[in-house]
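The next block holds one structure in the form of C-alpha cells; read it before the comments.
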Amino acid sequence: MMQFIRNIRVEFSELVKNNTNFTQREANGMVVLSVILFFPMFMIVWERVQSADEIDKELTELQAEKADSLLAVLEMQQPLDRETKLAMLEIKLFNPNKLSIAQWQAMGVKPWVAKRVVNAVNKKYVFLQKNDLANFNGFPKEEYERLKNYIDLPDSVNRKEYYKQKYASNDKNKYNYKKYKNTDYDKDKSVNNYTSNYEKKEYKKYVRKVTSKFDINTADTSILKQIRGIGEKTSVRIEHFRDAIGGFHSLNQVQEVYGLSPEAFEELLKYAFIHSSFKVKKININTANYETLKSHSYINVKAASILLKYKKQHGNYKTIEDIKNSRAIEEEKLTKLIPYLEF
C-alpha cells in the first residue's frame, strides 16, 4: 500500500515538472500542497457518503418494521360495517323533541339528518306521534324503522284537541269583538265627531293658451313656451339656434333644434310663421374672421380654420364650387349654409 502511494506521488511530481517550469523540488512541494488542500474535502465527501448509506439503511429497517406492524394490526383487527356498529349501540327511550345533535348521532343517526331535525324543533316544529318522524322531510325510512320502538310518543293523537288545549290559556276576550257592540258608537254610526277647517278646493285642468299666430324669428321664450310640448329649456334652445344661424328662412329648420319632439313641432306649425319681409343675416365668406365663421351653427371650429387657410393659399372665394373645393364643410351642411353666404 505504501509503495502504491509512493508511485502515485512520483508520477504526479513528474507530471507537474514536465508540464511546468518547476524544478524537482518545487514539483514535490506542489504535490504536498495539493494533498494538504484536497484531503479535507475528500474526508467531508467520504463522511457524507457514509452517512447517506447509514440513513438509507435505517429507513429501510424502519419501513420493514412499520410494514410488519401494520400487517400484524390488519391480521388482528377486522373492520366493522355500519350494520354491525348499529347493532352494538345501546338505545333508550327518547323524545325527538328534546334531543341534541350529539344525542341523535350517539344513536347512529347521520350528522346532516340530526342537524335538520334539531333545526326544525328549534323553529317550533313539534313531533306529536311516532310516525311524524317517518313523515319528516329528509329522515330516512330505514332509520325510522330501526328507532320507532324507542320513540317515547303515542302512536296517534287528536291534533285538533292538542292545539285546542295548547291555546286554551290565551285571553278569551283578546279577539272577542262582541264586547264592543251596543255602544253609543254602534247606536249612531252616522255621527262624525271629527271636525276640520279644511275646505276642499276644486282644481281646473291647466290648458296652454296661444293668443294668436306669431313670427318664429321675433318670438321670445315666453311665446314659444305656450306651445304644447315646448318647455323652458327647449324654448331657449330654439332662440339660441335661430340667432346663431342668422334667423329661420324655413320652418323646417326648427326641427334641427335638439330636444324638440315631432309632436311639439307639429303643434308649433299651427301657430308659427315666417314674415315675407324677413331676410336672414348673411356673412361674407371672404371678409369674415375666424370668430365670426366658427360662431355659425353650420360652421364648426375646424371648418372655419380650413376656410381661412384655403382662402390665403388660393385667393378669395368666388363661387360655391370654390368652397366645395376647400373640403372644409360637408355637402349636406353646405347646402344649409348657402342661404347665409355672400361673396
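Going through the C-alpha cells in order, the chains are called A, B, and so on, while each chain numbers its residues from 1 and the ligands are numbered from 1 in the order shown.
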Need the shell around Ile238 of chain A: protein/DNA/RNA residues with any atom at most 12 Å away, counting only C-alpha atoms. Skip same-chain ones fewer than 2 positions apart. Format as an MDAnalysis selection string?
chainID A and resid 216:225 230:236 240:245 247:248 251 253:260 265 268
So which residues touch Glu142 of chain A within 12 Å, counting only C-alpha atoms, skipping near sequence neighbours fewer than 4 positions away, as a ChimeraX atom specification?
/A:83,108-109,133-134,138,146-148
Could you please take those selected residues and save C-alpha atoms as a compact mmCIF listing (two decimals), in the first residue's frame?
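The result, written out as result_28.txt:
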# COMPACT_ATOMS: atom_id res chain seq x y z
CA GLU A 83 -74.93 -2.59 10.40
CA GLY A 108 -76.32 6.19 14.90
CA VAL A 109 -78.18 8.96 13.00
CA LEU A 133 -90.67 11.26 12.47
CA ALA A 134 -91.23 8.93 9.49
CA GLY A 138 -85.24 14.06 4.90
CA ARG A 146 -84.72 0.98 13.45
CA LEU A 147 -85.71 3.57 16.08
CA LYS A 148 -89.54 3.51 16.11
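Remark: for Ala303 of chain A, the closest of the candidate residues A:Ala328, A:Ile320, A:Ala288, A:Leu334 is A:Ala328 (distances computed over only C-alpha atoms).
What separates atom CA of Ser261 of chain A from atom CA of Phe273 of chain A is a distance of 18.5 Å.
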Can you tell me how far atom CA of Asn158 of chain A sits from atom CA of Pro140 of chain A, in Å to one decimal?
25.3 Å
